[in-house]
file final_15.tsv (TSV, C-alpha atoms and all ligand atoms)
chain	number	residue	atom	x	y	z
U	1	MET	CA	19.93	-20.95	-26.19
U	2	ASP	CA	22.46	-22.42	-23.80
U	3	ILE	CA	25.53	-20.60	-22.50
U	4	LYS	CA	27.81	-22.12	-25.14
U	5	GLU	CA	25.60	-20.87	-27.96
U	6	LEU	CA	25.25	-17.47	-26.31
U	7	LYS	CA	29.02	-17.13	-26.07
U	8	LYS	CA	29.31	-17.90	-29.75
U	9	VAL	CA	26.76	-15.19	-30.62
U	10	PHE	CA	28.62	-12.80	-28.30
U	11	LEU	CA	31.94	-13.45	-30.09
U	12	ASP	CA	30.27	-13.10	-33.51
U	13	ILE	CA	29.00	-9.65	-32.51
U	14	TYR	CA	31.94	-8.29	-30.53
U	15	GLY	CA	34.92	-10.33	-31.77
U	16	GLY	CA	37.94	-10.99	-29.55
U	17	SER	CA	38.41	-13.99	-27.30
U	18	GLU	CA	36.56	-15.64	-24.43
U	19	GLU	CA	39.00	-14.16	-21.93
U	20	GLY	CA	37.28	-12.06	-19.29
U	21	ILE	CA	33.78	-13.22	-20.26
U	22	ARG	CA	31.33	-13.58	-17.33
U	23	VAL	CA	27.73	-14.73	-17.29
U	24	PHE	CA	24.94	-13.46	-15.03
U	25	SER	CA	21.27	-14.30	-14.74
U	26	SER	CA	18.24	-12.84	-13.00
U	27	PRO	CA	14.62	-14.06	-12.98
U	28	GLY	CA	11.15	-12.73	-13.64
U	29	ARG	CA	8.57	-13.25	-10.91
U	30	VAL	CA	5.02	-14.30	-10.29
U	31	ASN	CA	3.17	-12.57	-7.49
U	32	LEU	CA	0.93	-15.03	-5.63
U	33	ILE	CA	-1.08	-12.34	-3.83
U	34	GLY	CA	-0.72	-8.72	-2.67
U	35	GLU	CA	-1.30	-6.56	-5.74
U	36	HIS	CA	-0.82	-2.78	-5.79
U	37	THR	CA	0.12	-2.93	-2.13
U	38	ASP	CA	3.90	-2.49	-2.47
U	39	TYR	CA	3.93	1.26	-3.18
U	40	ASN	CA	1.44	1.67	-0.34
U	41	GLY	CA	3.79	0.23	2.27
U	42	GLY	CA	1.91	-3.07	2.35
U	43	TYR	CA	2.75	-6.76	2.04
U	44	VAL	CA	3.42	-8.75	-1.15
U	45	PHE	CA	4.02	-12.44	-1.72
U	46	PRO	CA	6.03	-13.02	-4.92
U	47	ALA	CA	8.24	-15.89	-6.05
U	48	ALA	CA	11.08	-15.85	-8.59
U	49	LEU	CA	10.58	-17.86	-11.78
U	50	THR	CA	13.11	-19.85	-13.77
U	51	LEU	CA	12.26	-17.64	-16.77
U	52	SER	CA	15.06	-15.10	-16.75
U	53	SER	CA	17.28	-12.49	-18.33
U	54	THR	CA	20.83	-13.70	-18.92
U	55	VAL	CA	23.76	-11.49	-19.85
U	56	ILE	CA	27.18	-12.37	-21.20
U	57	ALA	CA	29.56	-9.52	-20.37
U	58	ARG	CA	33.22	-8.65	-20.91
U	59	PRO	CA	34.96	-5.49	-19.75
U	60	ARG	CA	36.48	-2.93	-22.13
U	61	LYS	CA	38.82	-0.04	-21.44
U	62	ASP	CA	37.27	2.85	-23.42
U	63	GLY	CA	34.33	3.63	-21.10
U	64	LEU	CA	31.67	2.49	-23.57
U	65	ILE	CA	28.75	0.28	-22.62
U	66	ASN	CA	27.82	-1.76	-25.70
U	67	LEU	CA	24.51	-3.56	-25.69
U	68	ALA	CA	23.06	-6.28	-27.90
U	69	VAL	CA	20.25	-8.79	-27.49
U	70	THR	CA	19.57	-12.15	-29.11
U	71	ASP	CA	16.06	-11.44	-30.44
U	72	LEU	CA	16.38	-7.91	-31.88
U	73	ASP	CA	18.80	-6.26	-34.27
U	74	ASP	CA	19.10	-3.18	-32.04
U	75	ARG	CA	22.62	-2.27	-30.92
U	76	VAL	CA	23.54	0.49	-28.48
U	77	SER	CA	26.90	2.05	-27.69
U	78	ALA	CA	26.77	4.54	-24.82
U	79	PRO	CA	29.66	6.39	-23.11
U	80	LEU	CA	29.51	6.04	-19.32
U	81	ASP	CA	29.71	9.83	-18.92
U	82	ARG	CA	26.73	10.56	-21.22
U	83	LEU	CA	24.12	8.00	-20.21
U	84	SER	CA	21.22	10.40	-19.76
U	85	ASP	CA	21.34	11.21	-23.51
U	86	PHE	CA	19.97	7.70	-24.09
U	87	LYS	CA	16.70	7.98	-22.16
U	88	ASN	CA	14.37	7.62	-25.12
U	89	ILE	CA	15.95	4.81	-27.10
U	90	ARG	CA	13.72	1.98	-28.32
U	91	TRP	CA	15.66	-0.80	-26.61
U	92	GLY	CA	18.46	-0.61	-24.03
U	93	ASN	CA	17.12	2.12	-21.74
U	94	TYR	CA	16.54	-0.26	-18.81
U	95	GLN	CA	20.20	-1.23	-18.88
U	96	LEU	CA	21.47	2.33	-19.26
U	97	GLY	CA	19.05	3.57	-16.60
U	98	VAL	CA	20.58	1.09	-14.16
U	99	ALA	CA	24.13	2.13	-15.14
U	100	ASP	CA	23.17	5.76	-14.58
U	101	GLU	CA	21.64	5.09	-11.15
U	102	LEU	CA	24.63	2.96	-10.09
U	103	GLN	CA	26.98	5.81	-10.91
U	104	LYS	CA	24.79	8.30	-9.06
U	105	ALA	CA	24.90	5.96	-6.04
U	106	GLY	CA	28.72	6.05	-6.16
U	107	TYR	CA	29.52	2.74	-7.88
U	108	LYS	CA	32.59	2.79	-10.12
U	109	LEU	CA	31.77	1.23	-13.46
U	110	THR	CA	33.90	0.06	-16.34
U	111	GLY	CA	32.94	0.01	-20.00
U	112	CYS	CA	31.83	-3.41	-21.27
U	113	ASP	CA	30.31	-5.43	-24.08
U	114	MET	CA	27.02	-7.08	-23.15
U	115	LEU	CA	24.76	-9.57	-24.87
U	116	PHE	CA	21.30	-10.15	-23.36
U	117	HIS	CA	19.08	-13.18	-23.76
U	118	ASP	CA	15.59	-12.98	-22.26
U	119	THR	CA	13.15	-15.82	-21.66
U	120	VAL	CA	10.62	-13.85	-19.56
U	121	PRO	CA	7.87	-12.93	-22.04
U	122	ILE	CA	8.07	-9.15	-22.57
U	123	GLY	CA	5.15	-7.04	-21.34
U	124	SER	CA	3.43	-10.04	-19.75
U	125	GLY	CA	3.32	-8.81	-16.15
U	126	LEU	CA	6.03	-11.30	-15.13
U	127	SER	CA	8.64	-8.58	-14.58
U	128	SER	CA	10.74	-8.94	-17.67
U	129	SER	CA	11.97	-5.40	-17.02
U	130	ALA	CA	13.01	-6.08	-13.42
U	131	ALA	CA	14.90	-9.18	-14.60
U	132	ILE	CA	16.86	-7.04	-17.07
U	133	GLU	CA	17.50	-4.28	-14.53
U	134	VAL	CA	18.71	-6.60	-11.80
U	135	VAL	CA	20.97	-8.68	-14.05
U	136	THR	CA	22.46	-5.49	-15.48
U	137	ALA	CA	23.17	-4.17	-11.99
U	138	ILE	CA	24.86	-7.39	-10.85
U	139	ALA	CA	26.99	-7.57	-14.01
U	140	LEU	CA	28.05	-3.90	-13.92
U	141	ILE	CA	28.87	-3.97	-10.21
U	142	THR	CA	30.89	-7.19	-10.56
U	143	LEU	CA	32.92	-5.95	-13.55
U	144	GLY	CA	33.37	-2.49	-12.01
U	145	ASN	CA	34.58	-3.92	-8.69
U	146	GLU	CA	37.06	-6.10	-10.49
U	147	ALA	CA	38.38	-3.25	-12.66
U	148	TYR	CA	38.92	-1.05	-9.59
U	149	GLY	CA	40.15	-3.81	-7.24
U	150	ILE	CA	37.13	-3.50	-4.92
U	151	SER	CA	36.20	-6.65	-2.97
U	152	GLY	CA	33.15	-7.73	-0.99
U	153	ASP	CA	29.70	-9.16	-1.62
U	154	ILE	CA	27.09	-7.32	-3.62
U	155	ASP	CA	24.29	-5.86	-1.48
U	156	MET	CA	21.30	-7.42	-3.26
U	157	VAL	CA	18.70	-5.30	-1.49
U	158	GLU	CA	20.53	-2.22	-2.74
U	159	VAL	CA	20.57	-3.76	-6.23
U	160	ALA	CA	16.76	-3.99	-6.02
U	161	LYS	CA	16.45	-0.37	-4.85
U	162	ILE	CA	18.75	0.97	-7.57
U	163	SER	CA	16.90	-1.02	-10.22
U	164	GLN	CA	13.63	0.48	-8.98
U	165	LEU	CA	15.12	3.99	-9.23
U	166	ALA	CA	16.12	3.30	-12.84
U	167	GLU	CA	12.51	2.44	-13.58
U	168	HIS	CA	11.32	5.70	-11.93
U	169	ASN	CA	13.88	8.04	-13.39
U	170	PHE	CA	14.77	6.56	-16.78
U	171	ILE	CA	11.56	4.78	-17.77
U	172	GLY	CA	9.02	6.99	-15.98
U	173	VAL	CA	7.06	4.22	-14.23
U	174	ASN	CA	6.58	5.02	-10.57
U	175	CYS	CA	6.68	1.32	-9.59
U	176	GLY	CA	6.98	-0.22	-6.14
U	177	ILE	CA	9.85	-2.44	-4.99
U	178	MET	CA	8.24	-5.88	-5.40
U	179	ASP	CA	9.49	-6.91	-8.83
U	180	GLN	CA	13.10	-5.87	-8.39
U	181	PHE	CA	13.19	-7.31	-4.87
U	182	ALA	CA	11.83	-10.68	-6.03
U	183	SER	CA	14.25	-10.77	-8.95
U	184	ALA	CA	17.25	-9.95	-6.74
U	185	MET	CA	16.32	-11.96	-3.65
U	186	GLY	CA	14.29	-14.94	-4.93
U	187	ARG	CA	14.98	-18.41	-3.60
U	188	LYS	CA	14.33	-21.77	-5.26
U	189	ASP	CA	11.01	-23.33	-4.21
U	190	HIS	CA	10.16	-20.44	-1.87
U	191	ALA	CA	7.89	-17.42	-2.00
U	192	ILE	CA	8.97	-14.17	-0.29
U	193	LEU	CA	6.66	-12.57	2.24
U	194	LEU	CA	7.90	-8.99	1.97
U	195	ASP	CA	6.82	-6.06	4.11
U	196	CYS	CA	7.31	-3.11	1.75
U	197	ARG	CA	7.23	-0.61	4.60
U	198	ASP	CA	10.70	-1.56	5.88
U	199	LEU	CA	11.76	-4.33	3.45
U	200	SER	CA	11.79	-6.98	6.16
U	201	TYR	CA	11.08	-10.38	4.60
U	202	LYS	CA	10.66	-14.06	5.20
U	203	TYR	CA	11.07	-17.01	2.84
U	204	VAL	CA	8.05	-19.34	2.88
U	205	PRO	CA	8.47	-22.85	1.37
U	206	LEU	CA	6.25	-23.24	-1.66
U	207	GLU	CA	5.40	-26.91	-1.51
U	208	LEU	CA	1.96	-27.22	-3.02
U	209	LYS	CA	1.74	-30.97	-2.68
U	210	GLY	CA	-0.41	-32.34	-5.49
U	211	TYR	CA	-0.87	-28.91	-7.13
U	212	LYS	CA	0.89	-26.85	-9.80
U	213	ILE	CA	1.12	-23.13	-10.27
U	214	VAL	CA	-0.06	-22.42	-13.81
U	215	ILE	CA	0.51	-19.03	-15.41
U	216	SER	CA	-1.85	-18.05	-18.23
U	217	ASN	CA	-0.81	-15.21	-20.53
U	218	THR	CA	-3.61	-13.08	-22.04
U	219	LYS	CA	-1.19	-12.05	-24.82
U	220	LYS	CA	-3.11	-8.79	-24.85
U	221	LYS	CA	-1.07	-5.84	-25.98
U	222	ARG	CA	-0.92	-3.48	-23.04
U	223	SER	CA	-1.57	0.13	-23.92
U	224	LEU	CA	-1.25	3.07	-21.57
U	225	ALA	CA	-0.43	0.67	-18.73
U	226	ALA	CA	2.29	2.98	-17.38
U	227	VAL	CA	-0.03	5.99	-17.38
U	228	LYS	CA	-2.85	4.09	-15.67
U	229	TYR	CA	-0.41	2.60	-13.16
U	230	ASN	CA	0.88	6.05	-12.17
U	231	GLU	CA	-2.75	7.24	-11.97
U	232	ARG	CA	-3.66	4.48	-9.47
U	233	ARG	CA	-0.64	5.35	-7.39
U	234	ALA	CA	-1.64	9.02	-7.30
U	235	GLU	CA	-5.22	8.04	-6.28
U	236	CYS	CA	-3.83	6.08	-3.31
U	237	GLU	CA	-1.73	9.08	-2.30
U	238	LYS	CA	-4.84	11.26	-2.30
U	239	GLY	CA	-6.65	8.68	-0.14
U	240	LEU	CA	-3.74	8.65	2.30
U	241	GLU	CA	-3.78	12.45	2.61
U	242	ILE	CA	-7.49	12.39	3.46
U	243	LEU	CA	-7.14	9.61	6.06
U	244	LYS	CA	-4.21	11.43	7.65
U	245	LYS	CA	-6.62	14.13	8.81
U	246	SER	CA	-8.30	11.54	11.08
U	247	LEU	CA	-5.21	9.36	11.66
U	248	PRO	CA	-2.28	11.80	11.87
U	249	ASP	CA	0.29	9.10	12.71
U	250	ILE	CA	-0.06	7.08	9.53
U	251	THR	CA	2.69	7.34	6.91
U	252	CYS	CA	1.26	4.96	4.29
U	253	LEU	CA	-1.91	2.94	3.67
U	254	GLY	CA	-0.04	-0.08	5.02
U	255	ASP	CA	-0.30	1.58	8.45
U	256	VAL	CA	-4.11	1.59	8.35
U	257	SER	CA	-6.02	-1.38	9.80
U	258	ALA	CA	-9.32	-2.60	8.40
U	259	GLU	CA	-11.07	-1.34	11.56
U	260	GLN	CA	-9.60	2.13	11.14
U	261	PHE	CA	-10.59	2.17	7.49
U	262	GLU	CA	-14.18	1.22	8.33
U	263	GLN	CA	-14.30	3.94	10.98
U	264	TYR	CA	-13.01	6.72	8.73
U	265	LYS	CA	-13.92	5.67	5.19
U	266	HIS	CA	-16.82	8.15	5.15
U	267	THR	CA	-14.25	10.97	5.19
U	268	ILE	CA	-13.16	9.94	1.69
U	269	GLU	CA	-15.99	11.47	-0.28
U	270	ASP	CA	-14.76	10.58	-3.76
U	271	ASP	CA	-16.12	7.10	-4.62
U	272	ILE	CA	-13.17	6.19	-6.82
U	273	ILE	CA	-10.55	7.11	-4.25
U	274	ARG	CA	-12.47	5.24	-1.54
U	275	LYS	CA	-12.64	2.11	-3.69
U	276	ARG	CA	-8.91	2.20	-4.40
U	277	VAL	CA	-8.11	2.55	-0.71
U	278	GLU	CA	-10.53	-0.21	0.24
U	279	HIS	CA	-8.76	-2.59	-2.15
U	280	VAL	CA	-5.35	-1.81	-0.66
U	281	ILE	CA	-6.49	-2.19	2.97
U	282	TYR	CA	-8.18	-5.60	2.48
U	283	GLU	CA	-5.62	-6.92	-0.01
U	284	ASP	CA	-2.94	-6.26	2.57
U	285	ASP	CA	-4.86	-8.33	5.12
U	286	ARG	CA	-5.29	-11.13	2.61
U	287	VAL	CA	-1.55	-11.42	2.06
U	288	LEU	CA	-0.86	-12.25	5.70
U	289	LYS	CA	-3.81	-14.63	5.89
U	290	SER	CA	-2.73	-16.34	2.66
U	291	ALA	CA	0.85	-16.81	3.79
U	292	GLU	CA	-0.43	-18.35	7.01
U	293	ALA	CA	-2.78	-20.67	5.09
U	294	LEU	CA	0.13	-21.78	2.91
U	295	MET	CA	2.33	-22.47	5.92
U	296	ASN	CA	-0.49	-24.62	7.37
U	297	ASN	CA	-0.92	-26.49	4.06
U	298	GLU	CA	-4.47	-25.09	3.77
U	299	PHE	CA	-4.32	-24.74	0.00
U	300	GLU	CA	-8.04	-24.37	-0.57
U	301	LYS	CA	-8.15	-21.47	1.85
U	302	PHE	CA	-5.20	-19.94	0.00
U	303	GLY	CA	-7.13	-20.35	-3.26
U	304	LYS	CA	-10.17	-18.55	-1.82
U	305	TYR	CA	-8.05	-15.52	-0.93
U	306	MET	CA	-6.69	-15.50	-4.48
U	307	ILE	CA	-10.23	-15.33	-5.86
U	308	GLU	CA	-11.16	-12.52	-3.44
U	309	SER	CA	-8.03	-10.68	-4.53
U	310	HIS	CA	-8.98	-10.89	-8.20
U	311	ASN	CA	-12.53	-9.71	-7.51
U	312	SER	CA	-11.20	-6.73	-5.61
U	313	LEU	CA	-8.75	-5.85	-8.41
U	314	ARG	CA	-11.64	-6.09	-10.86
U	315	ASP	CA	-14.32	-4.19	-8.92
U	316	LEU	CA	-12.44	-1.80	-6.63
U	317	TYR	CA	-9.03	-1.18	-8.19
U	318	GLU	CA	-10.30	-1.64	-11.75
U	319	VAL	CA	-7.14	-2.98	-13.36
U	320	THR	CA	-8.36	-6.26	-14.89
U	321	GLY	CA	-10.39	-6.00	-18.11
U	322	LEU	CA	-12.08	-8.57	-20.36
U	323	GLU	CA	-9.02	-10.70	-21.04
U	324	LEU	CA	-7.84	-11.21	-17.44
U	325	ASP	CA	-11.42	-11.64	-16.20
U	326	THR	CA	-12.16	-14.24	-18.88
U	327	LEU	CA	-9.06	-16.26	-18.02
U	328	VAL	CA	-9.99	-16.28	-14.33
U	329	GLU	CA	-13.67	-17.07	-14.93
U	330	GLU	CA	-12.84	-19.94	-17.26
U	331	ALA	CA	-10.15	-21.26	-14.91
U	332	LEU	CA	-12.59	-21.41	-12.02
U	333	LYS	CA	-15.00	-23.55	-14.08
U	334	ILE	CA	-12.42	-26.35	-14.26
U	335	ASP	CA	-12.58	-29.15	-11.71
U	336	GLY	CA	-9.31	-29.17	-9.77
U	337	VAL	CA	-8.70	-25.38	-9.81
U	338	ILE	CA	-8.64	-23.99	-6.28
U	339	GLY	CA	-7.66	-20.40	-6.97
U	340	SER	CA	-7.00	-18.00	-9.81
U	341	ARG	CA	-6.22	-14.31	-10.08
U	342	MET	CA	-4.40	-11.71	-12.16
U	343	THR	CA	-0.75	-11.18	-11.26
U	344	GLY	CA	1.37	-8.04	-11.63
U	345	ALA	CA	0.12	-4.58	-12.55
U	346	GLY	CA	-2.90	-5.74	-14.59
U	347	PHE	CA	-4.32	-4.08	-17.76
U	348	GLY	CA	-3.41	-7.33	-19.57
U	349	GLY	CA	-0.51	-9.59	-18.71
U	350	CYS	CA	-0.96	-12.89	-16.88
U	351	THR	CA	-3.07	-14.76	-14.37
U	352	VAL	CA	-1.80	-17.27	-11.83
U	353	SER	CA	-3.87	-20.35	-10.96
U	354	ILE	CA	-3.42	-23.20	-8.52
U	355	VAL	CA	-4.39	-26.37	-10.37
U	356	ARG	CA	-4.51	-29.97	-9.16
U	357	GLU	CA	-1.72	-31.87	-10.92
U	358	ASP	CA	-4.00	-34.30	-12.75
U	359	ALA	CA	-6.18	-31.42	-14.02
U	360	VAL	CA	-3.43	-29.35	-15.66
U	361	ASP	CA	-3.76	-30.73	-19.20
U	362	ASN	CA	-7.52	-30.31	-19.18
U	363	PHE	CA	-7.10	-26.79	-17.74
U	364	ILE	CA	-4.81	-25.70	-20.56
U	365	GLU	CA	-7.07	-27.18	-23.21
U	366	GLN	CA	-10.41	-25.92	-21.89
U	367	VAL	CA	-9.33	-22.48	-20.72
U	368	GLY	CA	-7.35	-21.92	-23.92
U	369	LYS	CA	-10.36	-22.86	-26.05
U	370	ALA	CA	-12.94	-20.78	-24.18
U	371	TYR	CA	-10.58	-17.79	-24.00
U	372	GLN	CA	-9.96	-17.83	-27.73
U	373	GLU	CA	-13.69	-18.08	-28.44
U	374	LYS	CA	-14.45	-15.08	-26.23
U	375	THR	CA	-11.53	-12.79	-27.06
U	376	GLY	CA	-10.16	-14.01	-30.37
U	377	ILE	CA	-6.69	-14.27	-28.81
U	378	LYS	CA	-4.65	-17.42	-28.32
U	379	ALA	CA	-3.46	-17.58	-24.71
U	380	GLU	CA	-0.13	-19.06	-23.65
U	381	PHE	CA	0.39	-21.26	-20.59
U	382	TYR	CA	3.45	-21.94	-18.44
U	383	ILE	CA	3.78	-24.31	-15.53
U	384	SER	CA	5.90	-22.31	-13.18
U	385	GLU	CA	9.05	-23.48	-11.59
U	386	ILE	CA	10.26	-21.36	-8.70
U	387	GLY	CA	13.95	-20.52	-9.05
U	388	ASP	CA	16.75	-18.51	-7.43
U	389	GLY	CA	17.29	-14.76	-7.55
U	390	GLY	CA	19.94	-12.83	-9.49
U	391	ARG	CA	23.45	-14.29	-9.49
U	392	GLU	CA	26.63	-14.92	-11.45
U	393	ILE	CA	26.59	-18.24	-13.32
U	394	GLN	CA	29.85	-20.01	-12.58
U	395	LEU	CA	31.38	-21.26	-15.84
G	1	LIG	C1	4.01	-3.81	-11.15
G	1	LIG	C2	4.98	-2.98	-10.31
G	1	LIG	C3	5.06	-3.49	-8.88
G	1	LIG	C4	3.67	-3.66	-8.27
G	1	LIG	C5	2.74	-4.41	-9.20
G	1	LIG	C6	1.33	-4.44	-8.71
G	1	LIG	O1	4.49	-5.11	-11.30
G	1	LIG	O2	6.26	-2.97	-10.88
G	1	LIG	O3	5.86	-2.63	-8.11
G	1	LIG	O4	3.14	-2.43	-7.91
G	1	LIG	O5	2.74	-3.86	-10.52
G	1	LIG	O6	1.24	-5.16	-7.54
call {"tool": "encode", "arguments": {"input": "final_15.tsv", "output": "structure tokens", "more": "lines below"}}
Ligand code: GLA
result
Amino acid sequence: MDIKELKKVFLDIYGGSEEGIRVFSSPGRVNLIGEHTDYNGGYVFPAALTLSSTVIARPRKDGLINLAVTDLDDRVSAPLDRLSDFKNIRWGNYQLGVADELQKAGYKLTGCDMLFHDTVPIGSGLSSSAAIEVVTAIALITLGNEAYGISGDIDMVEVAKISQLAEHNFIGVNCGIMDQFASAMGRKDHAILLDCRDLSYKYVPLELKGYKIVISNTKKKRSLAAVKYNERRAECEKGLEILKKSLPDITCLGDVSAEQFEQYKHTIEDDIIRKRVEHVIYEDDRVLKSAEALMNNEFEKFGKYMIESHNSLRDLYEVTGLELDTLVEEALKIDGVIGSRMTGAGFGGCTVSIVREDAVDNFIEQVGKAYQEKTGIKAEFYISEIGDGGREIQL
């Protein structure tokens, strides 16, 4: 749906005129490498997609936030002073969670009518939720500032942090900062090398001459992903506590070098905890090496790190499963594929593969066929375009 059509749907739902209508958009992301490192103070290497969440918004004076979306019949009407009553609604809690956190952080909000339109596939590990959170934050801050005569640019890093808090406090997923940061701060044709310890970052041009980034969606329904995610995070925290006894200065696993880990890994007696920590330590190393390989146009080297990353997520972190493993295995059988791995939290969702341009059609056909034979599910494929982060769309 283009903006003109969206405006029409908006006016059909809410009535009134086009006056005061604004449009905002914020993307999903693909993470190239650096998985389950963000909440451990490590490095990540995501890029914003052109798949996005778009919102049409118009202020209203009665302090109500009204929400609608193009692909569901759900409607929500929530007073700004009673947002926490809406924690358990079926749809709309990401938006209201963000509104709640913005108010707690001191932002002045105005009531508004909002219509969402999402093109990031939901539950696919491409951060559909971060796209919604970030676009909501930008829209609410912009309308609120205007209503109260406040000027100045929006602090996009703060938008990412507030969106993350909404996910922790309203949704109950103890996620890291990567998804919201990539959605807020993405840049066209660049990946972001982000140090999650202090949020320092660098844009790295993503010019894979002769290659395409292909995303393959397992289409597997994710169950218990939030519970298992929080479980992994808690396991890393246990590992950190144990290592702190030998390395009292460390504050996160991102502070621990591979040498230090090798020296003290025997102090972690629990096999599972030791495996989780081992993944984080070496994955963190791989991110820096991968970014360097990319900057030197050493794509095959980059691809090798991607494969190592997937193997580690499968064997040590144990977040892949039959569907993701099958997609990666089948991808690597295709001539012209130099790297493939799961992306995002895991437990279903998507893989990301680097595929030589002239091999893309064959990739989609062969991998799709073999995957369906082995799992009974029809995969979906997207050739990713790397787009900009959250912003207002000028009409
Ligand atoms: C999810 C979380 C991120 C990150 C990834 C795994 O996408 O939202 O913060 O932890 O999983 O790398």
call {"tool": "atom_distance", "arguments": {"input": "final_15.tsv", "atom1": "atom CA of U:Thr142", "atom2": "atom CA of U:Ile393"}}
result
12.2 Å
call {"tool": "residues_around", "arguments": {"input": "final_15.tsv", "residues": "stretch 54-63 of chain U", "least_positions_apart": "5", "cutoff": "10 Å", "atoms": "all atoms listed in the file", "output": "ChimeraX atom specification"}}
result
/U:3,6-7,9-10,14,17-27,68-69,78-81,109-119,131-132,135-136,138-140,143-144,146-147,390-393
call {"tool": "residues_near_ligand", "arguments": {"input": "final_15.tsv", "ligand": "ligand LIG 1 (chain G)", "cutoff": "7 Å", "atoms": "all atoms listed in the file", "output": "number ranges by chain"}}
result
U: 34-39, 125, 127, 175-179, 344-345
call {"tool": "atom_distance", "arguments": {"input": "final_15.tsv", "atom1": "atom CA of U:Ile354", "atom2": "atom CA of U:Lys304"}}
result
10.6 Å
call {"tool": "atom_distance", "arguments": {"input": "final_15.tsv", "atom1": "atom CA of U:Lys238", "atom2": "atom CA of U:Cys252"}}
result
11.0 Å
call {"tool": "closest_residue", "arguments": {"input": "final_15.tsv", "among": "U:Leu67, U:Ala293, U:Val328, U:Ala226", "to": "U:Phe347", "atoms": "only C-alpha atoms"}}
result
U:Ala226
call {"tool": "axis_aligned_box", "arguments": {"input": "final_15.tsv", "around": "stretch 253-268 of chain U", "padding_each_side": "5 Å", "output": "lines of an AutoDock Vina configuration file"}}
result
center_x = -8.4
center_y = 4.2
center_z = 6.6
size_x = 26.8
size_y = 23.6
size_z = 19.9
call {"tool": "closest_residue", "arguments": {"input": "final_15.tsv", "among": "U:Lys245, U:Arg276, U:Lys220, U:Lys209", "to": "U:Gly376", "atoms": "only C-alpha atoms"}}
result
U:Lys220
call {"tool": "residues_around", "arguments": {"input": "final_15.tsv", "residues": "U:His190", "least_positions_apart": "4", "cutoff": "8 Å", "atoms": "all atoms listed in the file", "output": "list in words"}}
result
Ala47, Gly186, Tyr203, Val204, Pro205, Leu206 and Ile386 of chain U
call {"tool": "residues_around", "arguments": {"input": "final_15.tsv", "residues": "U:Gly28", "least_positions_apart": "5", "cutoff": "8 Å", "atoms": "all atoms listed in the file", "output": "ChimeraX atom specification"}}
result
/U:48-53,120,126-128,130-131,179,182-183
call {"tool": "residues_around", "arguments": {"input": "final_15.tsv", "residues": "stretch 89-105 of chain U", "least_positions_apart": "6", "cutoff": "6 Å", "atoms": "all atoms listed in the file", "output": "PDB file with C-alpha atoms, in the coordinates of the input"}}
result
ATOM      1  CA  GLU U 133      17.500  -4.280 -14.530  1.00  0.00           C
ATOM      2  CA  THR U 136      22.460  -5.490 -15.480  1.00  0.00           C
ATOM      3  CA  SER U 163      16.900  -1.020 -10.220  1.00  0.00           C
ATOM      4  CA  ALA U 166      16.120   3.300 -12.840  1.00  0.00           C
ATOM      5  CA  PHE U 170      14.770   6.560 -16.780  1.00  0.00           C
TER       6      PHE U 170
END
call {"tool": "closest_residue", "arguments": {"input": "final_15.tsv", "among": "U:Gln263, U:Ser77, U:Thr320, U:Ser312", "to": "U:Tyr282", "atoms": "all atoms listed in the file"}}
result
U:Ser312
call {"tool": "closest_residue", "arguments": {"input": "final_15.tsv", "among": "U:Gly339, U:Gly42, U:Gly210, U:Gly239", "to": "U:Cys196", "atoms": "all atoms listed in the file"}}
result
U:Gly42
call {"tool": "residues_around", "arguments": {"input": "final_15.tsv", "residues": "stretch 298-302 of chain U", "least_positions_apart": "4", "cutoff": "10 Å", "atoms": "only C-alpha atoms", "output": "number ranges by chain"}}
result
U: 32-33, 208-209, 211, 286-287, 289-294, 306-307, 337-339, 354
call {"tool": "closest_residue", "arguments": {"input": "final_15.tsv", "among": "U:Asn174, U:Asn88, U:Gln164, U:Ser124", "to": "U:Asn40", "atoms": "only C-alpha atoms"}}
result
U:Asn174
